[in-house]
>>> print(open('work35.cif').read())   # mmCIF, C-alpha atoms and all ligand atoms
data_input
#
loop_
_atom_site.label_atom_id
_atom_site.label_comp_id
_atom_site.auth_asym_id
_atom_site.auth_seq_id
_atom_site.Cartn_x
_atom_site.Cartn_y
_atom_site.Cartn_z
CA MET A 1 -12.58 25.87 -11.90
CA ASN A 2 -11.22 28.41 -14.32
CA THR A 3 -8.84 28.52 -17.26
CA ASN A 4 -6.01 30.54 -15.67
CA LYS A 5 -2.67 28.93 -15.07
CA GLU A 6 -2.83 30.22 -11.48
CA TYR A 7 -5.70 27.81 -10.86
CA ALA A 8 -3.54 24.83 -11.89
CA LEU A 9 -0.66 26.00 -9.72
CA GLN A 10 -2.96 26.50 -6.75
CA GLN A 11 -4.40 22.97 -7.17
CA ASP A 12 -0.89 21.56 -7.23
CA LYS A 13 -0.05 23.46 -4.07
CA GLU A 14 -3.10 21.98 -2.30
CA ASP A 15 -2.46 18.46 -3.57
CA SER A 16 -1.65 16.28 -0.53
CA ILE A 17 0.23 13.67 -2.63
CA LYS A 18 2.14 16.06 -4.92
CA ALA A 19 5.50 14.94 -3.51
CA PHE A 20 5.24 11.55 -5.21
CA ARG A 21 5.91 13.18 -8.57
CA ASN A 22 9.51 13.60 -7.43
CA GLU A 23 9.86 9.86 -7.00
CA PHE A 24 9.60 9.27 -10.76
CA LEU A 25 11.99 9.66 -13.69
CA PHE A 26 10.58 11.77 -16.51
CA PRO A 27 11.72 11.64 -20.14
CA LYS A 28 13.29 15.01 -21.05
CA ASP A 29 13.11 17.16 -24.16
CA THR A 30 16.25 18.36 -25.95
CA SER A 31 16.63 21.34 -23.61
CA GLY A 32 16.47 19.09 -20.57
CA ASN A 33 12.91 19.90 -19.46
CA ASN A 34 10.47 17.21 -18.36
CA GLN A 35 8.17 16.16 -21.13
CA ILE A 36 4.44 16.30 -20.51
CA TYR A 37 4.02 12.56 -20.03
CA LEU A 38 0.39 11.46 -20.47
CA CYS A 39 1.03 7.89 -21.54
CA GLY A 40 0.84 6.04 -18.22
CA ASN A 41 -1.98 3.98 -19.75
CA SER A 42 0.59 2.48 -22.09
CA LEU A 43 3.82 2.41 -20.07
CA GLY A 44 3.98 3.91 -16.60
CA LEU A 45 7.05 5.94 -15.62
CA GLN A 46 9.95 4.46 -13.69
CA PRO A 47 10.01 5.01 -9.92
CA LYS A 48 13.47 6.16 -8.80
CA ASN A 49 13.39 3.33 -6.26
CA THR A 50 13.11 0.60 -8.87
CA ALA A 51 16.86 0.48 -9.43
CA VAL A 52 17.45 0.14 -5.68
CA PHE A 53 15.03 -2.78 -5.36
CA ILE A 54 16.52 -4.57 -8.37
CA GLN A 55 20.09 -3.90 -7.23
CA GLN A 56 19.29 -5.60 -3.91
CA GLU A 57 18.46 -8.82 -5.74
CA LEU A 58 21.54 -8.56 -7.96
CA ASP A 59 23.65 -8.12 -4.82
CA ASP A 60 22.04 -11.09 -3.09
CA TRP A 61 22.51 -13.23 -6.19
CA SER A 62 26.22 -12.37 -6.29
CA LYS A 63 26.55 -12.93 -2.54
CA TYR A 64 24.58 -16.16 -2.15
CA GLY A 65 24.15 -17.82 -5.55
CA VAL A 66 21.51 -20.54 -5.26
CA GLU A 67 21.27 -20.05 -1.51
CA GLY A 68 19.54 -16.75 -2.19
CA HIS A 69 16.35 -18.78 -2.48
CA THR A 70 16.37 -18.93 1.30
CA GLU A 71 19.12 -16.50 2.40
CA ALA A 72 18.43 -13.35 0.36
CA GLN A 73 17.12 -10.39 2.32
CA HIS A 74 13.82 -11.13 0.59
CA PRO A 75 14.14 -14.87 -0.04
CA TRP A 76 13.34 -15.83 -3.63
CA MET A 77 11.41 -18.98 -2.79
CA PRO A 78 8.37 -17.18 -1.37
CA TYR A 79 9.11 -13.90 -3.22
CA HIS A 80 5.75 -13.64 -4.97
CA GLU A 81 4.10 -13.59 -1.56
CA PHE A 82 5.74 -10.23 -0.77
CA LEU A 83 3.60 -8.66 -3.52
CA THR A 84 0.27 -10.22 -2.73
CA GLU A 85 -1.20 -8.11 0.01
CA GLN A 86 -0.61 -4.71 -1.57
CA MET A 87 -1.67 -5.91 -5.00
CA ALA A 88 -4.82 -7.45 -3.55
CA SER A 89 -5.78 -4.14 -1.95
CA ILE A 90 -5.28 -2.27 -5.26
CA VAL A 91 -7.76 -4.57 -7.04
CA GLY A 92 -10.09 -4.97 -4.05
CA ALA A 93 -9.53 -8.68 -3.49
CA LYS A 94 -8.57 -10.99 -0.65
CA PRO A 95 -4.87 -11.91 -0.66
CA SER A 96 -5.72 -15.59 -1.26
CA GLU A 97 -7.48 -14.56 -4.48
CA VAL A 98 -4.47 -12.84 -6.06
CA VAL A 99 -1.16 -13.96 -7.50
CA ILE A 100 1.47 -12.25 -9.64
CA MET A 101 2.70 -14.55 -12.39
CA ASN A 102 3.40 -14.80 -16.14
CA THR A 103 2.12 -12.04 -18.41
CA LEU A 104 -1.40 -10.90 -19.16
CA THR A 105 -2.24 -12.87 -22.28
CA THR A 106 -0.69 -16.04 -20.82
CA ASN A 107 -2.82 -15.66 -17.71
CA LEU A 108 -5.90 -15.08 -19.82
CA HIS A 109 -5.32 -18.41 -21.55
CA LEU A 110 -4.67 -20.20 -18.25
CA MET A 111 -7.88 -18.79 -16.84
CA MET A 112 -9.83 -19.86 -19.91
CA VAL A 113 -8.43 -23.37 -19.58
CA SER A 114 -10.16 -23.45 -16.21
CA PHE A 115 -13.19 -21.24 -16.68
CA TYR A 116 -14.12 -21.78 -20.32
CA GLN A 117 -15.62 -25.25 -20.34
CA PRO A 118 -17.90 -25.22 -23.37
CA THR A 119 -20.48 -27.84 -24.27
CA ALA A 120 -21.80 -28.51 -27.77
CA THR A 121 -24.68 -26.07 -27.22
CA LYS A 122 -23.34 -23.60 -24.64
CA TYR A 123 -20.00 -22.47 -25.98
CA LYS A 124 -20.10 -18.83 -27.10
CA ILE A 125 -17.96 -16.06 -25.62
CA VAL A 126 -18.95 -12.39 -25.32
CA VAL A 127 -16.33 -9.63 -25.51
CA GLU A 128 -16.84 -5.87 -25.82
CA SER A 129 -16.36 -4.66 -29.37
CA ASP A 130 -13.06 -2.94 -29.81
CA ALA A 131 -11.59 -5.24 -27.19
CA PHE A 132 -7.79 -5.09 -27.21
CA PRO A 133 -6.52 -7.23 -30.12
CA SER A 134 -4.57 -9.64 -27.90
CA ASP A 135 -7.71 -10.47 -25.90
CA LYS A 136 -9.66 -11.07 -29.08
CA TYR A 137 -6.96 -13.37 -30.49
CA ALA A 138 -6.84 -15.28 -27.20
CA VAL A 139 -10.61 -15.77 -27.14
CA GLU A 140 -10.82 -16.73 -30.82
CA SER A 141 -8.02 -19.24 -30.47
CA GLN A 142 -9.70 -20.81 -27.43
CA LEU A 143 -12.88 -21.25 -29.49
CA ALA A 144 -10.89 -22.85 -32.29
CA PHE A 145 -8.95 -25.01 -29.81
CA HIS A 146 -12.27 -26.46 -28.60
CA GLY A 147 -13.34 -27.13 -32.20
CA PHE A 148 -15.71 -24.19 -32.68
CA ASP A 149 -15.83 -21.66 -35.49
CA PRO A 150 -14.60 -18.38 -33.95
CA LYS A 151 -16.88 -16.42 -36.28
CA LYS A 152 -19.92 -18.16 -34.85
CA GLY A 153 -18.65 -18.42 -31.30
CA LEU A 154 -17.56 -14.83 -30.71
CA ILE A 155 -20.30 -12.36 -29.78
CA LEU A 156 -19.44 -8.66 -29.77
CA TRP A 157 -21.10 -6.28 -27.32
CA LYS A 158 -21.15 -3.22 -29.56
CA PRO A 159 -22.00 0.45 -29.27
CA ARG A 160 -25.13 1.38 -31.20
CA GLU A 161 -24.90 2.86 -34.68
CA GLY A 162 -23.48 6.40 -34.39
CA GLU A 163 -22.42 5.91 -30.74
CA GLU A 164 -19.01 5.25 -29.20
CA LEU A 165 -19.86 3.63 -25.86
CA CYS A 166 -21.39 0.27 -24.96
CA ARG A 167 -24.76 0.29 -23.18
CA PHE A 168 -25.48 -2.20 -20.43
CA GLU A 169 -29.04 -2.74 -21.75
CA ASP A 170 -27.55 -4.08 -24.96
CA LEU A 171 -25.53 -6.67 -23.05
CA GLU A 172 -28.73 -7.60 -21.22
CA HIS A 173 -30.40 -8.05 -24.56
CA ILE A 174 -27.60 -10.33 -25.79
CA MET A 175 -27.93 -12.44 -22.66
CA GLU A 176 -31.72 -12.63 -22.85
CA THR A 177 -31.69 -13.74 -26.48
CA GLN A 178 -28.55 -15.93 -26.57
CA GLY A 179 -27.74 -16.67 -22.92
CA ASP A 180 -28.37 -20.41 -23.36
CA GLU A 181 -25.56 -20.58 -25.90
CA ILE A 182 -23.06 -18.41 -24.00
CA ALA A 183 -20.42 -19.99 -21.75
CA LEU A 184 -18.24 -17.00 -20.88
CA LEU A 185 -18.31 -13.21 -20.60
CA MET A 186 -14.78 -11.80 -20.98
CA ILE A 187 -14.90 -8.03 -20.70
CA GLY A 188 -12.19 -5.35 -20.34
CA SER A 189 -12.96 -3.54 -17.08
CA THR A 190 -11.93 -0.28 -18.69
CA ASN A 191 -11.82 -0.20 -22.47
CA TYR A 192 -8.40 0.73 -23.80
CA TYR A 193 -9.79 2.76 -26.70
CA SER A 194 -12.79 4.65 -25.33
CA GLY A 195 -11.69 4.77 -21.68
CA GLN A 196 -15.16 3.53 -20.68
CA SER A 197 -15.28 1.63 -17.36
CA PHE A 198 -18.01 -0.97 -17.15
CA PRO A 199 -20.26 -1.86 -14.17
CA LEU A 200 -18.41 -5.01 -13.15
CA LYS A 201 -20.78 -6.22 -10.48
CA LYS A 202 -23.85 -5.82 -12.67
CA ILE A 203 -22.12 -7.64 -15.52
CA THR A 204 -21.13 -10.48 -13.19
CA GLN A 205 -24.65 -10.83 -11.83
CA LEU A 206 -26.06 -10.81 -15.34
CA GLY A 207 -23.62 -13.49 -16.49
CA HIS A 208 -24.20 -15.70 -13.48
CA LYS A 209 -27.98 -15.41 -13.87
CA HIS A 210 -27.48 -17.11 -17.23
CA ASN A 211 -25.03 -19.72 -15.89
CA CYS A 212 -22.04 -18.15 -17.60
CA MET A 213 -18.57 -17.71 -16.20
CA VAL A 214 -17.44 -14.08 -15.97
CA GLY A 215 -13.88 -12.80 -16.29
CA PHE A 216 -12.42 -9.31 -16.56
CA ASP A 217 -9.30 -7.90 -18.15
CA LEU A 218 -8.06 -5.10 -15.89
CA ALA A 219 -5.11 -4.04 -18.07
CA HIS A 220 -6.53 -0.50 -18.11
CA GLY A 221 -8.23 -0.85 -14.73
CA ALA A 222 -5.53 -1.99 -12.32
CA GLY A 223 -4.01 1.00 -10.54
CA ASN A 224 -6.48 3.30 -12.31
CA ILE A 225 -9.91 2.48 -10.88
CA GLN A 226 -10.93 0.48 -7.81
CA PRO A 227 -12.56 -2.59 -9.39
CA ASN A 228 -13.49 -4.22 -6.03
CA LEU A 229 -12.95 -7.61 -7.59
CA HIS A 230 -14.05 -9.72 -4.66
CA GLU A 231 -17.26 -7.78 -4.28
CA THR A 232 -18.15 -8.09 -7.96
CA GLY A 233 -18.19 -11.88 -7.59
CA ALA A 234 -16.35 -12.32 -10.91
CA ASP A 235 -14.88 -15.77 -11.46
CA PHE A 236 -11.48 -14.53 -12.59
CA ALA A 237 -9.55 -11.47 -13.71
CA VAL A 238 -6.17 -10.76 -15.27
CA TRP A 239 -4.06 -7.62 -15.65
CA CYS A 240 -0.59 -6.33 -16.43
CA THR A 241 1.68 -4.23 -14.23
CA TYR A 242 3.50 -2.05 -16.74
CA LYS A 243 0.67 0.44 -17.45
CA TYR A 244 -0.74 2.24 -14.42
CA LEU A 245 1.27 0.00 -12.10
CA ASN A 246 4.65 1.37 -13.28
CA SER A 247 6.59 -1.90 -13.08
CA GLY A 248 8.55 -1.66 -16.33
CA PRO A 249 8.16 -2.81 -19.93
CA GLY A 250 6.85 -6.37 -20.26
CA SER A 251 6.67 -6.85 -16.50
CA LEU A 252 4.65 -9.68 -14.98
CA GLY A 253 0.88 -9.89 -14.87
CA GLY A 254 -1.64 -10.32 -12.07
CA CYS A 255 -4.35 -12.89 -11.75
CA PHE A 256 -7.49 -13.12 -9.60
CA VAL A 257 -9.49 -16.26 -8.89
CA HIS A 258 -12.57 -15.77 -6.72
CA GLU A 259 -12.32 -17.54 -3.37
CA ARG A 260 -15.32 -19.76 -4.13
CA HIS A 261 -13.02 -21.55 -6.59
CA ALA A 262 -10.09 -21.76 -4.14
CA ASN A 263 -10.46 -25.50 -3.63
CA ASN A 264 -12.61 -26.30 -6.63
CA SER A 265 -11.06 -29.55 -7.81
CA LYS A 266 -13.56 -29.83 -10.68
CA LEU A 267 -11.82 -27.04 -12.57
CA LYS A 268 -9.38 -28.28 -15.15
CA ARG A 269 -6.07 -26.48 -15.16
CA PHE A 270 -2.66 -26.49 -16.75
CA ALA A 271 -0.32 -27.17 -13.86
CA GLY A 272 3.31 -26.49 -12.96
CA TRP A 273 5.49 -27.01 -9.91
CA TRP A 274 5.03 -23.52 -8.47
CA GLY A 275 1.31 -24.23 -8.09
CA HIS A 276 2.06 -27.35 -6.06
CA ASN A 277 1.86 -27.67 -2.26
CA LYS A 278 4.83 -25.73 -0.82
CA GLU A 279 5.58 -28.44 1.77
CA THR A 280 6.25 -31.14 -0.81
CA ARG A 281 7.30 -29.08 -3.85
CA PHE A 282 10.93 -30.15 -3.59
CA ASN A 283 10.12 -33.74 -2.89
CA MET A 284 10.00 -34.10 -6.63
CA ARG A 285 8.04 -37.34 -6.77
CA HIS A 286 4.66 -36.25 -5.47
CA GLU A 287 1.51 -36.18 -7.57
CA PHE A 288 0.33 -32.67 -8.30
CA ASP A 289 -1.32 -31.21 -5.20
CA ALA A 290 -2.65 -27.75 -6.03
CA LEU A 291 -2.20 -24.91 -3.57
CA ALA A 292 -5.54 -23.43 -2.51
CA GLY A 293 -6.51 -20.15 -4.17
CA ALA A 294 -4.91 -18.20 -6.99
CA GLU A 295 -1.40 -19.41 -6.11
CA GLY A 296 -2.40 -22.87 -7.29
CA TRP A 297 -2.40 -21.64 -10.89
CA GLN A 298 1.30 -20.73 -10.89
CA LEU A 299 3.51 -22.61 -13.32
CA SER A 300 7.16 -21.63 -12.95
CA ASN A 301 9.49 -20.17 -10.41
CA PRO A 302 9.14 -16.47 -11.22
CA PRO A 303 11.61 -13.83 -12.50
CA ILE A 304 12.78 -12.15 -9.32
CA LEU A 305 14.20 -9.02 -11.03
CA SER A 306 10.84 -8.22 -12.54
CA MET A 307 9.12 -8.89 -9.23
CA ALA A 308 11.57 -6.56 -7.51
CA ALA A 309 10.37 -3.79 -9.86
CA ILE A 310 6.78 -4.57 -8.91
CA ARG A 311 7.67 -4.37 -5.22
CA ALA A 312 9.23 -0.94 -5.79
CA SER A 313 6.09 0.26 -7.50
CA LEU A 314 3.66 -1.20 -4.96
CA ASP A 315 5.68 0.52 -2.26
CA VAL A 316 4.94 3.91 -3.86
CA PHE A 317 1.25 3.10 -4.20
CA HIS A 318 1.11 1.96 -0.62
CA ARG A 319 2.68 5.15 0.71
CA ALA A 320 0.54 7.42 -1.47
CA GLY A 321 -2.66 5.57 -0.48
CA PHE A 322 -4.93 4.25 -3.17
CA ASP A 323 -7.98 6.22 -1.97
CA ASN A 324 -5.95 9.45 -2.21
CA LEU A 325 -4.92 8.53 -5.73
CA ILE A 326 -8.47 7.86 -6.87
CA ALA A 327 -9.64 11.15 -5.33
CA LYS A 328 -6.87 13.12 -7.07
CA SER A 329 -7.45 11.23 -10.31
CA LYS A 330 -11.08 12.34 -10.43
CA LYS A 331 -10.10 15.97 -9.88
CA LEU A 332 -7.26 15.89 -12.38
CA THR A 333 -9.25 14.27 -15.18
CA GLY A 334 -12.26 16.47 -14.36
CA TYR A 335 -9.98 19.49 -14.81
CA LEU A 336 -8.69 18.16 -18.13
CA GLU A 337 -12.25 17.65 -19.33
CA PHE A 338 -13.16 21.18 -18.22
CA LEU A 339 -10.26 22.78 -20.11
CA LEU A 340 -11.01 20.78 -23.26
CA LYS A 341 -14.63 21.87 -23.19
CA GLU A 342 -13.61 25.49 -22.63
CA LEU A 343 -11.71 25.35 -25.93
CA ASN A 344 -15.12 25.42 -27.60
CA ASN A 345 -13.65 23.75 -30.64
CA PRO A 346 -16.36 22.00 -32.69
CA ASN A 347 -13.78 19.49 -33.98
CA ILE A 348 -13.03 18.17 -30.52
CA ASN A 349 -15.19 15.41 -29.15
CA ILE A 350 -14.43 13.55 -25.93
CA ILE A 351 -15.45 9.92 -26.44
CA THR A 352 -14.89 8.84 -22.83
CA PRO A 353 -17.95 9.00 -20.53
CA SER A 354 -18.24 12.25 -18.55
CA ASN A 355 -19.50 10.44 -15.45
CA PRO A 356 -16.40 9.92 -13.23
CA GLU A 357 -17.82 6.55 -12.10
CA GLU A 358 -17.70 5.30 -15.69
CA ARG A 359 -14.07 6.11 -16.43
CA GLY A 360 -10.59 6.16 -14.96
CA CYS A 361 -8.04 8.88 -15.63
CA GLN A 362 -7.89 8.47 -19.42
CA LEU A 363 -9.74 10.73 -21.84
CA SER A 364 -9.99 9.70 -25.49
CA ILE A 365 -10.17 12.85 -27.57
CA GLN A 366 -11.49 12.58 -31.08
CA VAL A 367 -10.15 15.34 -33.31
CA LYS A 368 -12.44 15.46 -36.32
CA ASN A 369 -10.85 15.95 -39.74
CA ALA A 370 -7.41 15.45 -38.22
CA ASN A 371 -4.71 13.00 -39.22
CA LYS A 372 -1.64 11.70 -37.45
CA GLU A 373 0.09 15.02 -38.18
CA VAL A 374 -1.66 16.47 -35.11
CA HIS A 375 -0.07 13.83 -32.93
CA THR A 376 3.35 14.32 -34.51
CA ARG A 377 3.18 18.05 -33.82
CA LEU A 378 2.06 17.44 -30.24
CA THR A 379 5.05 15.19 -29.74
CA LYS A 380 7.34 17.90 -31.17
CA ALA A 381 5.77 20.29 -28.67
CA GLY A 382 6.96 18.02 -25.84
CA VAL A 383 3.77 16.06 -25.12
CA ILE A 384 3.92 12.27 -24.95
CA SER A 385 0.44 11.00 -25.78
CA ASP A 386 -1.01 8.18 -27.80
CA TRP A 387 -2.60 8.19 -31.25
CA ARG A 388 -5.20 5.67 -32.42
CA GLU A 389 -6.38 5.63 -36.00
CA PRO A 390 -8.38 7.17 -37.44
CA ASP A 391 -8.54 10.34 -35.30
CA VAL A 392 -8.22 9.72 -31.55
CA ILE A 393 -5.64 11.07 -29.09
CA ARG A 394 -5.61 9.22 -25.79
CA VAL A 395 -4.24 11.05 -22.76
CA ALA A 396 -4.07 9.71 -19.24
CA PRO A 397 -2.98 12.07 -16.45
CA ALA A 398 -1.74 9.60 -13.81
CA PRO A 399 -2.39 10.92 -10.30
CA LEU A 400 0.86 9.51 -8.92
CA TYR A 401 3.12 11.66 -11.07
CA ASN A 402 1.10 14.07 -13.20
CA SER A 403 0.26 17.55 -11.99
CA PHE A 404 -2.49 20.06 -12.71
CA GLU A 405 0.19 22.12 -14.41
CA ASP A 406 0.89 19.17 -16.76
CA VAL A 407 -2.76 19.13 -17.71
CA PHE A 408 -2.82 22.91 -18.21
CA GLU A 409 0.32 22.78 -20.38
CA PHE A 410 -1.05 19.91 -22.45
CA VAL A 411 -4.19 21.84 -23.32
CA GLU A 412 -2.15 24.97 -24.13
CA ARG A 413 0.05 22.99 -26.52
CA LEU A 414 -2.91 21.19 -28.05
CA LYS A 415 -4.47 24.60 -28.71
CA GLY A 416 -1.27 25.68 -30.42
CA VAL A 417 -1.19 22.57 -32.58
CA LEU A 418 -4.83 22.87 -33.64
C1 LIG B 501 -1.96 -3.85 -22.68
C2 LIG B 501 -3.00 -4.87 -22.89
C3 LIG B 501 -2.67 -6.20 -23.19
C4 LIG B 501 -1.24 -6.63 -23.39
O1 LIG B 501 -1.07 -7.99 -23.13
P1 LIG B 501 0.37 -8.59 -22.76
O2 LIG B 501 0.09 -10.04 -22.68
O3 LIG B 501 0.80 -7.99 -21.46
O4 LIG B 501 1.30 -8.21 -23.86
C5 LIG B 501 -3.70 -7.12 -23.34
N1 LIG B 501 -5.00 -6.75 -23.20
C6 LIG B 501 -5.34 -5.47 -22.89
C7 LIG B 501 -6.78 -5.11 -22.73
C8 LIG B 501 -4.36 -4.51 -22.76
O5 LIG B 501 -4.70 -3.24 -22.49
#
>>> encode(input="work35.cif", output="structure tokens", more="lines below")
Ligand SMILES: *Cc1c(COP(=O)(O)O)cnc(C)c1O
Amino acid sequence: MNTNKEYALQQDKEDSIKAFRNEFLFPKDTSGNNQIYLCGNSLGLQPKNTAVFIQQELDDWSKYGVEGHTEAQHPWMPYHEFLTEQMASIVGAKPSEVVIMNTLTTNLHLMMVSFYQPTATKYKIVVESDAFPSDKYAVESQLAFHGFDPKKGLILWKPREGEELCRFEDLEHIMETQGDEIALLMIGSTNYYSGQSFPLKKITQLGHKHNCMVGFDLAHGAGNIQPNLHETGADFAVWCTYKYLNSGPGSLGGCFVHERHANNSKLKRFAGWWGHNKETRFNMRHEFDALAGAEGWQLSNPPILSMAAIRASLDVFHRAGFDNLIAKSKKLTGYLEFLLKELNNPNINIITPSNPEERGCQLSIQVKNANKEVHTRLTKAGVISDWREPDVIRVAPAPLYNSFEDVFEFVERLKGVL
């Protein structure tokens, strides 16, 4: 690697999936040039095909009305099934373990209804410190719902004094000392703030050794790392599709339930008609008869337009090949890390782990002694990134649509701003 622009251009030339960049719509600056978009961890860019997929459903709705449930080119009744296989492969699960439904925080609550079954003595929940606020609110409100004091019931897995990242040994220590009181581990697979990816299988094994349920939030993992959900043995996982999965603002979430729970009738659940046996769903007088697997947790008939956007996005992932994406992602983020280090600026500190196995594409860059002004100036310079108080810029070169030249340009502009 070197710091010349030629190097970036050469890498782009050799990139076997570079063409996919042209399948996305980029926000432009005032002179009509693409902005340097490094915010796919917050809202992924729009595939050009999304409009086509959505238009198809609008056309079928106008053509068939209610009959579109069976007559549409992609019939609406089983529509969620068209997403399952490709989504399952992106999160490393079996198709029967995955369903697209609701939104992330809703799914997290539904999963906790089933997998958080506290007793008077074993009721605590562990989350990583600096978990995303919504996850923390969800967990705290579940504790309160079951009559526990959230302050007592919530255990934070924290970085040590003066450190930014969580150490697995410290989670082990929590489990060894308080495991008898803990009912659930609910961990973000990839932390939204630090970009740290956790060892999911080791965490699952640790939790299960202490008779705890284990669930993961893949909001920053899905489409970014390969979490191999089935292999980890986790009980459940949830994620959204509007970050790395490019399915549009507020789009539906994903949900994983491990196959060992597929027919577990002991699990309580909140039920709805879309989770009911497909054969008798429209014979409206049957008692609830849950579908086996993740599908059995569905509540409502789903929003087809949003699912059409997910289909458009999964189609791009499928054609690019997820293994190719992960391979490019490691190179691209490695290059970004290299250029940042070459700046030799004592005020710049990369919080995210440098081991590629412990991160996805995001790097969280702490700029010491800086304030939000740095971010404002970066934005004026045509870079879309993300600022977190007090002093962190998060950038996420997404391998589907970002180039080595994007990364080079970002670092050039950052240099200018500093
Ligand atoms: C983005 C994100 C959310 C957002 O939740 P929604 O229910 O989709 O609004 C929740 N948790 C994490 C960890 C996130 O990164």
>>> atom_distance(input="work35.cif", atom1="CA of Ile326 (chain A)", atom2="CA of Leu38 (chain A)")
16.6 Å
>>> closest_residue(input="work35.cif", among="A:Asn347, A:Asn263, A:Asn22, A:Ser300", to="Ser96 (chain A)", atoms="only C-alpha atoms")
A:Asn263
>>> axis_aligned_box(input="work35.cif", around="ligand LIG 501 (chain B)", padding_each_side="5 Å", output="AutoDock Vina command-line options")
--center_x -2.7 --center_y -6.6 --center_z -22.7 --size_x 18.1 --size_y 16.8 --size_z 12.4
>>> closest_residue(input="work35.cif", among="A:Asp217, A:Glu163, A:Glu259, A:Glu57", to="ligand LIG 501 (chain B)", atoms="all atoms listed in the file")
A:Asp217
>>> closest_residue(input="work35.cif", among="A:Ser364, A:Ser385, A:Gln11, A:Ser247", to="Pro47 (chain A)", atoms="only C-alpha atoms")
A:Ser247
>>> closest_atom_pairs(input="work35.cif", of="chain A", to="ligand LIG 501 (chain B)", cutoff="8 Å", atoms="all atoms listed in the file", output="tab-separated table")
residue	atom	partner	partner_atom	distance
A:Ser42	CA	B:LIG501	C1	6.8
A:Thr103	CA	B:LIG501	O2	5.1
A:Leu104	CA	B:LIG501	O2	3.9
A:Thr105	CA	B:LIG501	O2	3.7
A:Thr106	CA	B:LIG501	O2	6.3
A:Ala131	CA	B:LIG501	C7	6.6
A:Phe132	CA	B:LIG501	C7	4.6
A:Pro133	CA	B:LIG501	N1	7.1
A:Ser134	CA	B:LIG501	C5	5.3
A:Asp135	CA	B:LIG501	N1	5.3
A:Gly188	CA	B:LIG501	C7	5.9
A:Asn191	CA	B:LIG501	C7	7.0
A:Tyr192	CA	B:LIG501	O5	5.6
A:Asp217	CA	B:LIG501	C7	5.9
A:Leu218	CA	B:LIG501	C7	7.0
A:Ala219	CA	B:LIG501	O5	4.5
A:His220	CA	B:LIG501	O5	5.5
A:Trp239	CA	B:LIG501	O3	7.6
A:Cys240	CA	B:LIG501	O3	5.5
A:Lys243	CA	B:LIG501	C1	7.3
A:Gly250	CA	B:LIG501	O3	6.4
A:Ser251	CA	B:LIG501	O3	7.8
A:Leu252	CA	B:LIG501	O3	7.7
A:Gly253	CA	B:LIG501	O3	6.9
>>> residues_near_point(input="work35.cif", point="(11.5, 13.7, -21.3)", cutoff="12 Å", atoms="only C-alpha atoms", output="PyMOL selection string")
chain A and resi 24-39+45+379-384
>>> closest_residue(input="work35.cif", among="A:Gly321, A:Gly275, A:Gly207, A:Gly221", to="Leu299 (chain A)", atoms="all atoms listed in the file")
A:Gly275
>>> residues_around(input="work35.cif", residues="Gln298 (chain A)", least_positions_apart="2", cutoff="9 Å", atoms="only C-alpha atoms", output="ChimeraX atom specification")
/A:99-102,271-276,294-296,300-302
>>> residues_near_point(input="work35.cif", point="(-9.7, 7.3, -37.9)", cutoff="9 Å", atoms="all atoms listed in the file", output="PyMOL selection string")
chain A and resi 366+368-371+388-392
>>> residues_around(input="work35.cif", residues="Lys48 (chain A)", least_positions_apart="2", cutoff="8 Å", atoms="only C-alpha atoms", output="list in words")
Glu23, Phe24, Leu25, Gln46, Thr50, Ala51 and Val52 of chain A
>>> residues_around(input="work35.cif", residues="Val407 (chain A)", least_positions_apart="2", cutoff="10 Å", atoms="all atoms listed in the file", output="PyMOL selection string")
chain A and resi 8+36-38+332-333+335-337+339+395-397+402-405+409-412
>>> residues_around(input="work35.cif", residues="region 138-151 of chain A", least_positions_apart="3", cutoff="12 Å", atoms="all atoms listed in the file", output="ChimeraX atom specification")
/A:104-128,131-135,154-156,182-187,215,217
>>> residues_around(input="work35.cif", residues="Val91 (chain A)", least_positions_apart="4", cutoff="7 Å", atoms="only C-alpha atoms", output="mmCIF file with C-alpha atoms, in the coordinates of the input")
data_model
loop_
_atom_site.group_PDB
_atom_site.id
_atom_site.type_symbol
_atom_site.label_atom_id
_atom_site.label_comp_id
_atom_site.auth_asym_id
_atom_site.auth_seq_id
_atom_site.Cartn_x
_atom_site.Cartn_y
_atom_site.Cartn_z
ATOM 1 C CA MET A 87 -1.670 -5.910 -5.000
ATOM 2 C CA ALA A 222 -5.530 -1.990 -12.320
ATOM 3 C CA GLN A 226 -10.930 0.480 -7.810
ATOM 4 C CA PRO A 227 -12.560 -2.590 -9.390
ATOM 5 C CA ASN A 228 -13.490 -4.220 -6.030
ATOM 6 C CA LEU A 229 -12.950 -7.610 -7.590
#
>>> atom_distance(input="work35.cif", atom1="CA of Leu171 (chain A)", atom2="CA of Trp157 (chain A)")
6.2 Å
>>> decode(input="work35.cif", residues="region 187-200 of chain A", atoms="C-alpha atoms", output="PDB file, in the first residue's frame")
ATOM      1  CA  ILE A 187     -25.485  -7.946  22.797  1.00  0.00           C
ATOM      2  CA  GLY A 188     -25.035  -5.838  19.639  1.00  0.00           C
ATOM      3  CA  SER A 189     -23.047  -8.016  17.226  1.00  0.00           C
ATOM      4  CA  THR A 190     -21.161  -4.950  16.071  1.00  0.00           C
ATOM      5  CA  ASN A 191     -21.267  -1.925  18.332  1.00  0.00           C
ATOM      6  CA  TYR A 192     -22.678   1.131  16.605  1.00  0.00           C
ATOM      7  CA  TYR A 193     -20.298   3.533  18.342  1.00  0.00           C
ATOM      8  CA  SER A 194     -16.931   1.788  18.466  1.00  0.00           C
ATOM      9  CA  GLY A 195     -17.415  -0.474  15.437  1.00  0.00           C
ATOM     10  CA  GLN A 196     -16.223  -3.422  17.548  1.00  0.00           C
ATOM     11  CA  SER A 197     -17.559  -6.827  16.431  1.00  0.00           C
ATOM     12  CA  PHE A 198     -17.919  -9.357  19.211  1.00  0.00           C
ATOM     13  CA  PRO A 199     -17.150 -13.112  19.155  1.00  0.00           C
ATOM     14  CA  LEU A 200     -20.745 -14.289  18.834  1.00  0.00           C
TER      15      LEU A 200
END
